[in-house]
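Peer 1: Quick one: the structure is below, and I'll ask about it shortly.
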Number of protein chains: 2
Amino acid sequence: MAETAKAAAARLRLGGTIARIAPADQDVLAAVQAALDAKTKPRRSLGQLEALASRVAAIRGSADPGRLEAAVVVAAADHGVAAEGVSAYPQEVTRQMLANFVAGGAAICVLAGEAGAELIVVDTGVARPLTDPRIRQARIGPGTANACEGPAMSRDQALQALAAGIELAAELTSGGVGIVALGEMGIANTTAASALCAALLPADPASVCGRGTGLDEDGLRRKRAAVRRALEVNRPDSRDPLGVLAALGGFEIGFLVGLALGAAAERLVVLLDGFITGAAALVAARLAPPITERMVASHLSPEPGHRLVLEALGLRPLLDLELRLGEATGAALAIPIVRASLAVLSDMATFAEAGVSDAGR
Amino acid sequence: MAETAKAAAARLRLGGTIARIAPADQDVLAAVQAALDAKTKPRRSLGQLEALASRVAAIRGSADPGRLEAAVVVAAADHGVAAEGVSAYPQEVTRQMLANFVAGGAAICVLAGEAGAELIVVDTGVARPLTDPRIRQARIGPGTANACEGPAMSRDQALQALAAGIELAAELTSGGVGIVALGEMGIANTTAASALCAALLPADPASVCGRGTGLDEDGLRRKRAAVRRALEVNRPDSRDPLGVLAALGGFEIGFLVGLALGAAAERLVVLLDGFITGAAALVAARLAPPITERMVASHLSPEPGHRLVLEALGLRPLLDLELRLGEATGAALAIPIVRASLAVLSDMATFAEAGVSDAGR
């Protein structure tokens, strides 16, 4: 099938975006560690907070990035694979939660507010659309097809989802955002994420499938079987990340891949949430390997595949609070920690300034 | 030696404070879990954040405590045991850091500010006092005696330190504070904390002594030897926590024991920092066992004794960021997490309110 003009444009933009994602600036890293070592505290005594400050500074290309504005993006979509009985909740909940997000009642509304972050809710393909001006429209279709029966989406659709995410990243950058937190909502999307991880890591489906929002033993068995079937039916090639995404799906996952790529290209901090955003990050990293240096892992989810994903990305999570809700809730909890690391860099006195004796360690 | 009138008054106040520390209110715990289970999220999907909300609600005696004001208290003192060469820094640094705290240049100044918490700096016995109106004066003496040569302080002094902490807790309560974060500064105070833990857990000195602010191998050897000698010379009786505190010392540690007891009696959340505040918490728990239900562990320090202390207290830390600075820096990082847990309780919509289908799990 010939690529559409829209898809061709999306492919061009994707290539340009990927080309702008460079490895971390070693000069900035060295300057930040020297600055931290001069502060009135024993060397490296702020542990991972110092590593975080260094990472963020390198992302921003500045040894003192200051306070960063944060945006939390929750992308929602429905999944054909829900028909396999792989979720504890009915598909209608995706749409109901979309309404809850804009009404302010969901966990992420509360936690984004606590973190002083803007919340952006995106419909990337909920089965029945919800017309509300507070929802950003980036619909690729009315939910994906069932990946157990063929590709979840076409390559063109995958490219369009990526392009829509890249577009939002550009807008956030223009708006002065420095941290973009990735979040998602979509009944059955841990199944899509599990399939993506099984294909890309690669890993056995049993090792990446977990209970999601609360599956029982039978549900977990169905989920593992669905992932195996999706892999058998589609036979995705792990050397073709876009093809893997198209085969196994997730419009919201594709959108988040694009958002991560676009944000990284614009030197925004890409703050990951749990397993599903981890799967998106994995797709992004296979398209643009240096992107992992632009990412921060907010937390470790109890979903068994998440640890494998973070290891593959080389990321150490800031929190381990057994969060398994998604929506960017873990990412929102990490925003104050990211900001605190930057405040240490900006505002602490040096030994010389404060007249404190330095043991020189 | 007869108890002084001041010490007798302190003992009376201590007894009254301890009597007011009751176990957690089971009715509140049940009400909070029911409220959390009705919110628009899979049951228990916010993991430790839900456990935290429940704990704090039980402490406050309310199923919806709302936003809590936080105070960070950094108690400073010097230690006679510093003469044993157990710190990487000279003793003068305690006083220099006290000046840095009030000047706003220390890590805790930055992190308390980020957390929107008031910072209270207390001199409980720095060797050379610093006259600055911004320092709260609660001096028990010009540093403790060397615990390797006899008791670090008298029982009267230990009681006075506790009373001074209880006094501050009462003032914070009157001032509307709901969370008190415990912090400390004192060259050689990880040695005092190690000795206290070795005596109270009990544990072998080698298992609780770490590198503190950056000791080398020789320094660590001296520190272990100092703890062993302090235990041999003083032969503290673990059934007498006040006697153990007096023998092994720390004016700031005694003050923090009193602050924890007083705060718990007033139903404030006692937010612990690292190893030294953990040692203070251990003394407090031996004086008033139900106090552990009023405590929240903010982080796990790399000091080897800290894990043992938290296990003994039955507390699970919120963060594990390899922080080994003290000053309440870990506690300050945890304040937004505590507040976030309460915001979830106050502000999230229920399934019924939001019209979201509930899987009932």
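Quick note on naming: the chains in the structure tokens go A, B, ... in the order shown, residues restart at 1 in each chain, and ligands are numbered from 1 in order of appearance.
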Tell me as a PyMOL selection string which residues belonging to chain B come within 7 Å of chain A, counting only C-alpha atoms.
Peer 2: chain B and resi 40-42+45-49+88-89+93+96-97+100+105-107+110-111+114+213-214+319+321-325+333+337+340+343-344+347-349+354-357+359+361
Peer 1: Give me the residues near Pro205 (chain A) as JSON, numbers by chain, where near means some atom within 12 Å (using only C-alpha atoms) and where sequence neighbours in that chain fewer than 2 positions away do not count.
Peer 2: {"A": [190, 191, 192, 193, 194, 195, 196, 197, 198, 199, 200, 201, 202, 203, 207, 208, 209, 210, 220, 221, 222, 223, 224, 225, 226, 227, 228, 229, 230, 231, 232, 304, 305]}
Peer 1: Keeping only C-alpha atoms, write those residues as an mmCIF file, in the first residue's frame.
Peer 2:
data_model
loop_
_atom_site.group_PDB
_atom_site.id
_atom_site.type_symbol
_atom_site.label_atom_id
_atom_site.label_comp_id
_atom_site.auth_asym_id
_atom_site.auth_seq_id
_atom_site.Cartn_x
_atom_site.Cartn_y
_atom_site.Cartn_z
ATOM 1 C CA THR A 190 -1.115 -2.912 29.666
ATOM 2 C CA THR A 191 -1.751 -5.756 27.204
ATOM 3 C CA ALA A 192 -0.557 -3.632 24.278
ATOM 4 C CA ALA A 193 2.432 -2.488 26.343
ATOM 5 C CA SER A 194 3.238 -6.080 27.313
ATOM 6 C CA ALA A 195 3.154 -7.155 23.678
ATOM 7 C CA LEU A 196 5.408 -4.260 22.659
ATOM 8 C CA CYS A 197 7.911 -5.125 25.372
ATOM 9 C CA ALA A 198 7.811 -8.838 24.601
ATOM 10 C CA ALA A 199 8.607 -8.025 20.958
ATOM 11 C CA LEU A 200 11.237 -5.341 21.521
ATOM 12 C CA LEU A 201 13.220 -6.445 24.566
ATOM 13 C CA PRO A 202 12.603 -9.310 23.544
ATOM 14 C CA ALA A 203 11.080 -11.216 26.444
ATOM 15 C CA SER A 207 7.643 -12.314 32.152
ATOM 16 C CA VAL A 208 6.103 -9.000 31.052
ATOM 17 C CA CYS A 209 2.376 -9.576 31.717
ATOM 18 C CA GLY A 210 1.059 -8.462 35.086
ATOM 19 C CA LEU A 220 -3.984 -12.950 33.634
ATOM 20 C CA ARG A 221 -4.047 -16.251 31.716
ATOM 21 C CA ARG A 222 -6.162 -14.630 28.981
ATOM 22 C CA LYS A 223 -3.795 -11.670 28.850
ATOM 23 C CA ARG A 224 -0.721 -13.849 28.389
ATOM 24 C CA ALA A 225 -2.503 -15.856 25.709
ATOM 25 C CA ALA A 226 -3.549 -12.659 23.918
ATOM 26 C CA VAL A 227 0.026 -11.374 23.886
ATOM 27 C CA ARG A 228 1.300 -14.693 22.529
ATOM 28 C CA ARG A 229 -1.374 -14.691 19.844
ATOM 29 C CA ALA A 230 -0.687 -11.079 18.861
ATOM 30 C CA LEU A 231 2.989 -11.958 18.404
ATOM 31 C CA GLU A 232 2.181 -15.116 16.420
ATOM 32 C CA PRO A 304 6.690 -7.250 36.114
ATOM 33 C CA GLY A 305 7.676 -5.886 32.710
#
Peer 1: What parts of region 238-317 of chain A does DSSP call helix (DSSP H, G or I)? I'd like the answer as a short mmCIF file (atom, residue, chain, number, x, y, z; two decimals) with all heavy atoms, in the first residue's frame.
Peer 2:
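The new file out-v1.cif reads:
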data_model
loop_
_atom_site.label_atom_id
_atom_site.label_comp_id
_atom_site.auth_asym_id
_atom_site.auth_seq_id
_atom_site.Cartn_x
_atom_site.Cartn_y
_atom_site.Cartn_z
N PRO A 241 11.00 -0.76 14.67
CA PRO A 241 10.19 -0.34 15.82
C PRO A 241 8.83 0.22 15.41
O PRO A 241 7.83 0.00 16.10
CB PRO A 241 11.04 0.74 16.50
CG PRO A 241 12.41 0.60 15.94
CD PRO A 241 12.30 -0.06 14.61
N LEU A 242 8.80 0.94 14.28
CA LEU A 242 7.53 1.50 13.82
C LEU A 242 6.57 0.37 13.44
O LEU A 242 5.36 0.44 13.73
CB LEU A 242 7.78 2.42 12.62
CG LEU A 242 6.63 3.35 12.25
CD1 LEU A 242 6.42 4.40 13.33
CD2 LEU A 242 6.92 4.03 10.91
N GLY A 243 7.10 -0.65 12.81
CA GLY A 243 6.28 -1.80 12.44
C GLY A 243 5.77 -2.54 13.68
O GLY A 243 4.62 -3.00 13.70
N VAL A 244 6.60 -2.65 14.68
CA VAL A 244 6.19 -3.30 15.93
C VAL A 244 5.05 -2.51 16.56
O VAL A 244 4.04 -3.07 17.00
CB VAL A 244 7.38 -3.42 16.91
CG1 VAL A 244 6.92 -3.98 18.25
CG2 VAL A 244 8.48 -4.31 16.32
N LEU A 245 5.21 -1.18 16.61
CA LEU A 245 4.17 -0.32 17.17
C LEU A 245 2.86 -0.49 16.40
O LEU A 245 1.79 -0.63 17.01
CB LEU A 245 4.64 1.15 17.11
CG LEU A 245 3.59 2.20 17.49
CD1 LEU A 245 3.19 2.06 18.96
CD2 LEU A 245 4.12 3.61 17.22
N ALA A 246 2.94 -0.48 15.08
CA ALA A 246 1.73 -0.62 14.26
C ALA A 246 1.07 -1.97 14.52
O ALA A 246 -0.15 -2.06 14.68
CB ALA A 246 2.07 -0.46 12.78
N ALA A 247 1.85 -3.01 14.62
CA ALA A 247 1.31 -4.36 14.78
C ALA A 247 0.61 -4.53 16.13
O ALA A 247 -0.48 -5.12 16.22
CB ALA A 247 2.43 -5.38 14.65
N LEU A 248 1.23 -4.02 17.18
CA LEU A 248 0.79 -4.36 18.54
C LEU A 248 0.03 -3.23 19.21
O LEU A 248 -0.66 -3.45 20.21
CB LEU A 248 1.98 -4.82 19.36
CG LEU A 248 2.74 -5.99 18.71
CD1 LEU A 248 4.03 -6.28 19.47
CD2 LEU A 248 1.86 -7.24 18.62
N PHE A 251 -2.82 3.69 20.10
CA PHE A 251 -2.73 5.05 19.54
C PHE A 251 -2.09 5.98 20.57
O PHE A 251 -1.28 6.84 20.23
CB PHE A 251 -4.12 5.58 19.17
CG PHE A 251 -4.75 4.90 17.99
CD1 PHE A 251 -6.12 4.64 17.97
CD2 PHE A 251 -4.00 4.53 16.87
CE1 PHE A 251 -6.72 4.03 16.88
CE2 PHE A 251 -4.59 3.91 15.77
CZ PHE A 251 -5.95 3.66 15.78
N GLU A 252 -2.49 5.81 21.86
CA GLU A 252 -1.92 6.68 22.90
C GLU A 252 -0.44 6.39 23.08
O GLU A 252 0.35 7.30 23.37
CB GLU A 252 -2.71 6.57 24.21
CG GLU A 252 -2.37 5.41 25.14
CD GLU A 252 -2.99 4.08 24.68
OE1 GLU A 252 -2.94 3.78 23.48
OE2 GLU A 252 -3.50 3.35 25.56
N ILE A 253 -0.06 5.12 22.88
CA ILE A 253 1.36 4.77 23.02
C ILE A 253 2.15 5.40 21.88
O ILE A 253 3.21 6.00 22.11
CB ILE A 253 1.54 3.23 23.09
CG1 ILE A 253 0.85 2.68 24.36
CG2 ILE A 253 3.02 2.85 23.06
CD1 ILE A 253 0.85 1.16 24.49
N GLY A 254 1.61 5.32 20.68
CA GLY A 254 2.27 5.97 19.54
C GLY A 254 2.40 7.47 19.73
O GLY A 254 3.45 8.07 19.47
N PHE A 255 1.33 8.08 20.23
CA PHE A 255 1.36 9.52 20.51
C PHE A 255 2.46 9.85 21.53
O PHE A 255 3.20 10.82 21.37
CB PHE A 255 -0.01 9.95 21.05
CG PHE A 255 -0.13 11.41 21.34
CD1 PHE A 255 -0.54 12.31 20.37
CD2 PHE A 255 0.16 11.90 22.61
CE1 PHE A 255 -0.66 13.67 20.65
CE2 PHE A 255 0.05 13.25 22.90
CZ PHE A 255 -0.36 14.14 21.91
N LEU A 256 2.58 9.02 22.56
CA LEU A 256 3.59 9.26 23.60
C LEU A 256 5.01 9.03 23.07
O LEU A 256 5.94 9.70 23.51
CB LEU A 256 3.32 8.38 24.83
CG LEU A 256 2.04 8.73 25.60
CD1 LEU A 256 1.78 7.69 26.70
CD2 LEU A 256 2.12 10.13 26.21
N VAL A 257 5.16 8.10 22.13
CA VAL A 257 6.46 7.92 21.47
C VAL A 257 6.83 9.23 20.77
O VAL A 257 7.95 9.74 20.93
CB VAL A 257 6.42 6.76 20.45
CG1 VAL A 257 7.73 6.70 19.66
CG2 VAL A 257 6.15 5.42 21.14
N GLY A 258 5.89 9.78 20.04
CA GLY A 258 6.15 11.03 19.33
C GLY A 258 6.41 12.18 20.29
O GLY A 258 7.32 13.00 20.08
N LEU A 259 5.62 12.23 21.36
CA LEU A 259 5.81 13.29 22.36
C LEU A 259 7.20 13.20 22.97
O LEU A 259 7.89 14.22 23.15
CB LEU A 259 4.73 13.16 23.44
CG LEU A 259 4.75 14.19 24.56
CD1 LEU A 259 4.57 15.60 24.03
CD2 LEU A 259 3.65 13.88 25.60
N ALA A 260 7.63 11.98 23.30
CA ALA A 260 8.97 11.79 23.89
C ALA A 260 10.05 12.22 22.90
O ALA A 260 10.99 12.93 23.27
CB ALA A 260 9.16 10.32 24.30
N LEU A 261 9.91 11.79 21.65
CA LEU A 261 10.91 12.16 20.63
C LEU A 261 10.95 13.67 20.43
O LEU A 261 12.02 14.28 20.42
CB LEU A 261 10.59 11.46 19.30
CG LEU A 261 10.78 9.93 19.27
CD1 LEU A 261 10.16 9.35 18.00
CD2 LEU A 261 12.26 9.56 19.35
N GLY A 262 9.77 14.26 20.30
CA GLY A 262 9.71 15.70 20.08
C GLY A 262 10.26 16.47 21.27
O GLY A 262 11.01 17.44 21.12
N ALA A 263 9.90 16.04 22.47
CA ALA A 263 10.37 16.71 23.68
C ALA A 263 11.88 16.60 23.80
O ALA A 263 12.57 17.58 24.14
CB ALA A 263 9.68 16.11 24.91
N ALA A 264 12.41 15.41 23.53
CA ALA A 264 13.86 15.22 23.62
C ALA A 264 14.58 16.10 22.61
O ALA A 264 15.61 16.70 22.92
CB ALA A 264 14.21 13.75 23.40
N ALA A 265 14.03 16.20 21.41
CA ALA A 265 14.64 17.04 20.38
C ALA A 265 14.66 18.51 20.81
O ALA A 265 15.56 19.26 20.46
CB ALA A 265 13.90 16.88 19.06
N PHE A 275 4.54 1.43 33.50
CA PHE A 275 4.85 0.42 32.50
C PHE A 275 4.48 0.84 31.08
O PHE A 275 5.23 0.61 30.13
CB PHE A 275 4.14 -0.88 32.87
CG PHE A 275 4.36 -2.02 31.93
CD1 PHE A 275 5.64 -2.38 31.53
CD2 PHE A 275 3.28 -2.75 31.45
CE1 PHE A 275 5.85 -3.45 30.67
CE2 PHE A 275 3.48 -3.81 30.58
CZ PHE A 275 4.77 -4.16 30.19
N ILE A 276 3.33 1.47 30.90
CA ILE A 276 2.87 1.78 29.54
C ILE A 276 3.71 2.91 28.94
O ILE A 276 4.12 2.83 27.78
CB ILE A 276 1.36 2.10 29.56
CG1 ILE A 276 0.62 0.83 29.97
CG2 ILE A 276 0.89 2.58 28.20
CD1 ILE A 276 -0.51 1.07 30.91
N THR A 277 4.00 3.94 29.74
CA THR A 277 4.89 4.98 29.21
C THR A 277 6.29 4.40 29.02
O THR A 277 7.04 4.86 28.16
CB THR A 277 4.95 6.22 30.13
OG1 THR A 277 5.57 5.86 31.37
CG2 THR A 277 3.56 6.78 30.39
N GLY A 278 6.63 3.38 29.82
CA GLY A 278 7.91 2.70 29.63
C GLY A 278 7.98 2.01 28.28
O GLY A 278 9.01 2.03 27.60
N ALA A 279 6.86 1.39 27.88
CA ALA A 279 6.81 0.73 26.57
C ALA A 279 6.96 1.78 25.46
O ALA A 279 7.67 1.55 24.47
CB ALA A 279 5.49 -0.03 26.42
N ALA A 280 6.31 2.93 25.64
CA ALA A 280 6.46 4.02 24.66
C ALA A 280 7.91 4.49 24.61
O ALA A 280 8.46 4.73 23.52
CB ALA A 280 5.53 5.18 25.02
N ALA A 281 8.53 4.59 25.78
CA ALA A 281 9.94 5.02 25.84
C ALA A 281 10.84 4.01 25.13
O ALA A 281 11.82 4.39 24.48
CB ALA A 281 10.37 5.18 27.29
N LEU A 282 10.50 2.73 25.26
CA LEU A 282 11.29 1.69 24.62
C LEU A 282 11.20 1.81 23.10
O LEU A 282 12.22 1.71 22.39
CB LEU A 282 10.79 0.32 25.08
CG LEU A 282 11.62 -0.91 24.75
CD1 LEU A 282 13.02 -0.79 25.36
CD2 LEU A 282 10.92 -2.16 25.28
N VAL A 283 10.00 2.05 22.58
CA VAL A 283 9.84 2.26 21.13
C VAL A 283 10.67 3.48 20.71
O VAL A 283 11.41 3.43 19.71
CB VAL A 283 8.36 2.45 20.75
CG1 VAL A 283 8.22 2.78 19.26
CG2 VAL A 283 7.53 1.21 21.10
N ALA A 284 10.57 4.55 21.49
CA ALA A 284 11.30 5.78 21.16
C ALA A 284 12.81 5.53 21.16
O ALA A 284 13.54 6.02 20.28
CB ALA A 284 10.94 6.89 22.15
N ALA A 285 13.27 4.74 22.14
CA ALA A 285 14.71 4.47 22.25
C ALA A 285 15.20 3.60 21.10
O ALA A 285 16.37 3.68 20.72
CB ALA A 285 15.01 3.81 23.59
N ARG A 286 14.33 2.76 20.55
CA ARG A 286 14.74 1.95 19.42
C ARG A 286 14.79 2.80 18.15
O ARG A 286 15.53 2.52 17.22
CB ARG A 286 13.81 0.75 19.24
CG ARG A 286 13.89 -0.25 20.37
CD ARG A 286 15.30 -0.79 20.57
NE ARG A 286 15.51 -1.39 21.87
CZ ARG A 286 15.30 -2.68 22.16
NH1 ARG A 286 14.86 -3.49 21.22
NH2 ARG A 286 15.52 -3.13 23.38
N LEU A 287 14.00 3.88 18.11
CA LEU A 287 14.03 4.80 16.97
C LEU A 287 15.20 5.78 17.10
O LEU A 287 15.79 6.18 16.10
CB LEU A 287 12.71 5.57 16.88
CG LEU A 287 11.49 4.76 16.43
CD1 LEU A 287 10.20 5.54 16.70
CD2 LEU A 287 11.59 4.41 14.94
N PRO A 289 18.28 5.98 19.83
CA PRO A 289 18.92 5.50 21.07
C PRO A 289 19.38 6.58 22.06
O PRO A 289 19.23 6.39 23.27
CB PRO A 289 20.09 4.65 20.55
CG PRO A 289 19.60 4.13 19.22
CD PRO A 289 18.79 5.27 18.64
N PRO A 290 19.91 7.74 21.62
CA PRO A 290 20.38 8.70 22.63
C PRO A 290 19.26 9.30 23.47
O PRO A 290 19.52 10.01 24.44
CB PRO A 290 21.06 9.80 21.80
CG PRO A 290 21.26 9.23 20.43
CD PRO A 290 20.19 8.20 20.24
N ILE A 291 18.01 9.02 23.12
CA ILE A 291 16.91 9.63 23.87
C ILE A 291 16.90 9.20 25.33
O ILE A 291 16.40 9.95 26.18
CB ILE A 291 15.54 9.31 23.21
CG1 ILE A 291 14.46 10.26 23.75
CG2 ILE A 291 15.14 7.87 23.44
CD1 ILE A 291 13.10 10.10 23.10
N THR A 292 17.47 8.06 25.65
CA THR A 292 17.42 7.61 27.05
C THR A 292 18.11 8.62 27.98
O THR A 292 17.75 8.74 29.14
CB THR A 292 18.07 6.23 27.23
OG1 THR A 292 19.42 6.29 26.76
CG2 THR A 292 17.32 5.17 26.44
N GLU A 293 19.08 9.36 27.46
CA GLU A 293 19.78 10.35 28.28
C GLU A 293 18.90 11.58 28.53
O GLU A 293 19.25 12.44 29.35
CB GLU A 293 21.09 10.77 27.62
CG GLU A 293 22.04 9.59 27.52
CD GLU A 293 23.38 9.97 26.91
OE1 GLU A 293 23.66 11.17 26.74
OE2 GLU A 293 24.16 9.04 26.60
N ARG A 294 17.80 11.69 27.83
CA ARG A 294 16.89 12.82 28.01
C ARG A 294 15.69 12.42 28.87
O ARG A 294 14.76 13.20 29.04
CB ARG A 294 16.37 13.30 26.63
CG ARG A 294 17.47 13.53 25.60
CD ARG A 294 17.94 14.96 25.65
NE ARG A 294 19.20 15.14 24.95
CZ ARG A 294 19.40 15.98 23.95
NH1 ARG A 294 18.40 16.73 23.53
NH2 ARG A 294 20.59 16.12 23.42
N PRO A 304 5.38 -6.58 36.21
CA PRO A 304 6.69 -7.25 36.11
C PRO A 304 7.55 -6.78 34.94
O PRO A 304 8.77 -6.80 35.02
CB PRO A 304 6.32 -8.73 35.99
CG PRO A 304 4.89 -8.74 35.55
CD PRO A 304 4.27 -7.53 36.13
N GLY A 305 6.90 -6.32 33.87
CA GLY A 305 7.68 -5.89 32.71
C GLY A 305 8.39 -4.56 32.92
O GLY A 305 9.33 -4.24 32.19
N HIS A 306 7.93 -3.78 33.90
CA HIS A 306 8.49 -2.43 34.03
C HIS A 306 9.96 -2.43 34.39
O HIS A 306 10.76 -1.66 33.86
CB HIS A 306 7.69 -1.61 35.04
CG HIS A 306 7.94 -0.15 34.95
ND1 HIS A 306 7.91 0.69 36.03
CD2 HIS A 306 8.25 0.64 33.88
CE1 HIS A 306 8.19 1.91 35.63
NE2 HIS A 306 8.38 1.91 34.34
N ARG A 307 10.33 -3.33 35.31
CA ARG A 307 11.74 -3.41 35.70
C ARG A 307 12.62 -3.75 34.48
O ARG A 307 13.69 -3.16 34.30
CB ARG A 307 11.90 -4.47 36.80
CG ARG A 307 13.29 -4.57 37.38
CD ARG A 307 13.38 -5.71 38.40
NE ARG A 307 12.54 -5.50 39.56
CZ ARG A 307 12.92 -4.84 40.65
NH1 ARG A 307 14.14 -4.33 40.72
NH2 ARG A 307 12.10 -4.69 41.68
N LEU A 308 12.12 -4.67 33.65
CA LEU A 308 12.89 -5.06 32.46
C LEU A 308 13.05 -3.88 31.51
O LEU A 308 14.12 -3.67 30.92
CB LEU A 308 12.19 -6.23 31.75
CG LEU A 308 11.97 -7.50 32.58
CD1 LEU A 308 11.19 -8.54 31.79
CD2 LEU A 308 13.31 -8.07 33.04
N VAL A 309 11.97 -3.11 31.36
CA VAL A 309 12.02 -1.94 30.47
C VAL A 309 13.03 -0.92 31.00
O VAL A 309 13.86 -0.40 30.23
CB VAL A 309 10.62 -1.30 30.35
CG1 VAL A 309 10.71 0.05 29.67
CG2 VAL A 309 9.69 -2.24 29.59
N LEU A 310 12.96 -0.62 32.29
CA LEU A 310 13.88 0.38 32.84
C LEU A 310 15.32 -0.08 32.73
O LEU A 310 16.22 0.72 32.46
CB LEU A 310 13.51 0.70 34.29
CG LEU A 310 12.17 1.44 34.47
CD1 LEU A 310 11.91 1.74 35.95
CD2 LEU A 310 12.12 2.72 33.66
N GLU A 311 15.54 -1.37 32.93
CA GLU A 311 16.91 -1.90 32.77
C GLU A 311 17.37 -1.72 31.32
O GLU A 311 18.50 -1.31 31.07
CB GLU A 311 16.96 -3.38 33.16
CG GLU A 311 17.07 -3.58 34.66
CD GLU A 311 16.88 -5.04 35.07
OE1 GLU A 311 16.86 -5.91 34.19
OE2 GLU A 311 16.72 -5.29 36.29
N ALA A 312 16.48 -2.03 30.38
CA ALA A 312 16.84 -1.89 28.96
C ALA A 312 17.13 -0.43 28.62
O ALA A 312 17.99 -0.14 27.78
CB ALA A 312 15.72 -2.43 28.07
N LEU A 313 16.42 0.49 29.28
CA LEU A 313 16.63 1.92 29.02
C LEU A 313 17.80 2.47 29.83
O LEU A 313 18.22 3.60 29.61
CB LEU A 313 15.35 2.70 29.37
CG LEU A 313 14.10 2.40 28.53
CD1 LEU A 313 12.88 3.08 29.14
CD2 LEU A 313 14.30 2.84 27.08
#
Peer 1: Rounded to one decimal in Å, what is the spacing between CA of Glu149 (chain A) and CA of Val81 (chain A)?
Peer 2: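 We find that CA of Glu149 (chain A) and CA of Val81 (chain A) lie 8.9 Å from each other.
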Peer 1: Tell me, as a list of chain:residue names, which residues lie within 9 Å of region 62-67 of chain A, counting only C-alpha atoms; anything in the same chain fewer than 2 positions away does not count.
Peer 2: A:Val28, A:Leu29, A:Ala30, A:Ala31, A:Val32, A:Ala35, A:Ala53, A:Ser54, A:Val56, A:Ala57, A:Ala58, A:Ile59, A:Arg60, A:Glu69, A:Gly178, A:Arg339, A:Ala340, A:Leu342, A:Ala343, A:Leu345, A:Ser346
Peer 1: Residues as selected, N, CA and C atoms, written as a compact mmCIF listing (two decimals), in the first residue's frame, can you do that?
Peer 2:
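So the final result, stored in selection_5.txt, reads:
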# COMPACT_ATOMS: atom_id res chain seq x y z
N VAL A 28 28.76 19.96 30.23
CA VAL A 28 27.76 20.38 31.22
C VAL A 28 27.79 19.44 32.41
N LEU A 29 27.89 18.13 32.16
CA LEU A 29 27.92 17.17 33.26
C LEU A 29 29.09 17.45 34.20
N ALA A 30 30.26 17.73 33.63
CA ALA A 30 31.44 18.01 34.45
C ALA A 30 31.26 19.30 35.23
N ALA A 31 30.70 20.32 34.59
CA ALA A 31 30.50 21.61 35.26
C ALA A 31 29.52 21.47 36.42
N VAL A 32 28.48 20.69 36.23
CA VAL A 32 27.48 20.52 37.29
C VAL A 32 28.09 19.76 38.47
N ALA A 35 30.20 22.07 40.41
CA ALA A 35 29.38 23.02 41.17
C ALA A 35 28.80 22.33 42.41
N ALA A 53 20.10 16.13 39.19
CA ALA A 53 20.42 17.51 38.80
C ALA A 53 21.36 17.50 37.60
N SER A 54 22.34 16.63 37.62
CA SER A 54 23.30 16.55 36.52
C SER A 54 22.61 16.15 35.22
N VAL A 56 19.42 16.45 34.39
CA VAL A 56 18.52 17.49 33.90
C VAL A 56 19.31 18.66 33.30
N ALA A 57 20.41 19.00 33.96
CA ALA A 57 21.25 20.08 33.43
C ALA A 57 21.77 19.72 32.04
N ALA A 58 22.20 18.47 31.89
CA ALA A 58 22.71 18.04 30.58
C ALA A 58 21.60 18.07 29.53
N ILE A 59 20.39 17.69 29.93
CA ILE A 59 19.27 17.75 28.99
C ILE A 59 19.03 19.19 28.54
N ARG A 60 19.03 20.10 29.52
CA ARG A 60 18.74 21.49 29.21
C ARG A 60 19.92 22.21 28.56
N GLU A 69 9.10 24.78 34.35
CA GLU A 69 7.65 24.56 34.28
C GLU A 69 7.40 23.13 33.81
N GLY A 178 9.45 23.01 30.56
CA GLY A 178 10.78 22.40 30.63
C GLY A 178 10.75 20.92 30.96
N ARG A 339 12.46 19.26 40.64
CA ARG A 339 12.64 20.70 40.93
C ARG A 339 13.57 20.91 42.12
N ALA A 340 13.46 20.04 43.13
CA ALA A 340 14.33 20.17 44.31
C ALA A 340 15.79 20.00 43.90
N LEU A 342 17.15 20.77 41.16
CA LEU A 342 17.61 21.99 40.47
C LEU A 342 17.77 23.15 41.44
N ALA A 343 16.93 23.19 42.46
CA ALA A 343 17.04 24.25 43.47
C ALA A 343 18.35 24.12 44.23
N LEU A 345 21.09 23.05 43.04
CA LEU A 345 22.11 23.55 42.11
C LEU A 345 22.09 25.09 42.05
N SER A 346 20.90 25.66 42.08
CA SER A 346 20.79 27.12 41.95
C SER A 346 21.09 27.86 43.24
Peer 1: Just give me the gap between CA of Val74 (chain B) and CA of Gln33 (chain A) in Å, one decimal is fine.
Peer 2: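 Answer for the CA of Val74 (chain B) to CA of Gln33 (chain A) separation: 26.5 Å.
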Peer 1: Contacts of Ala152 (chain A) at 8 Å or less, counting only C-alpha atoms, minus same-chain residues fewer than 4 places along, as a PyMOL selection string?
Peer 2: chain A and resi 80+144-147+246-250
Peer 1: So which one's closest to Leu172 (chain B), B:Asp27, B:Asp218, B:Glu266, B:Asp237? Using only C-alpha atoms, please.
Peer 2: B:Glu266
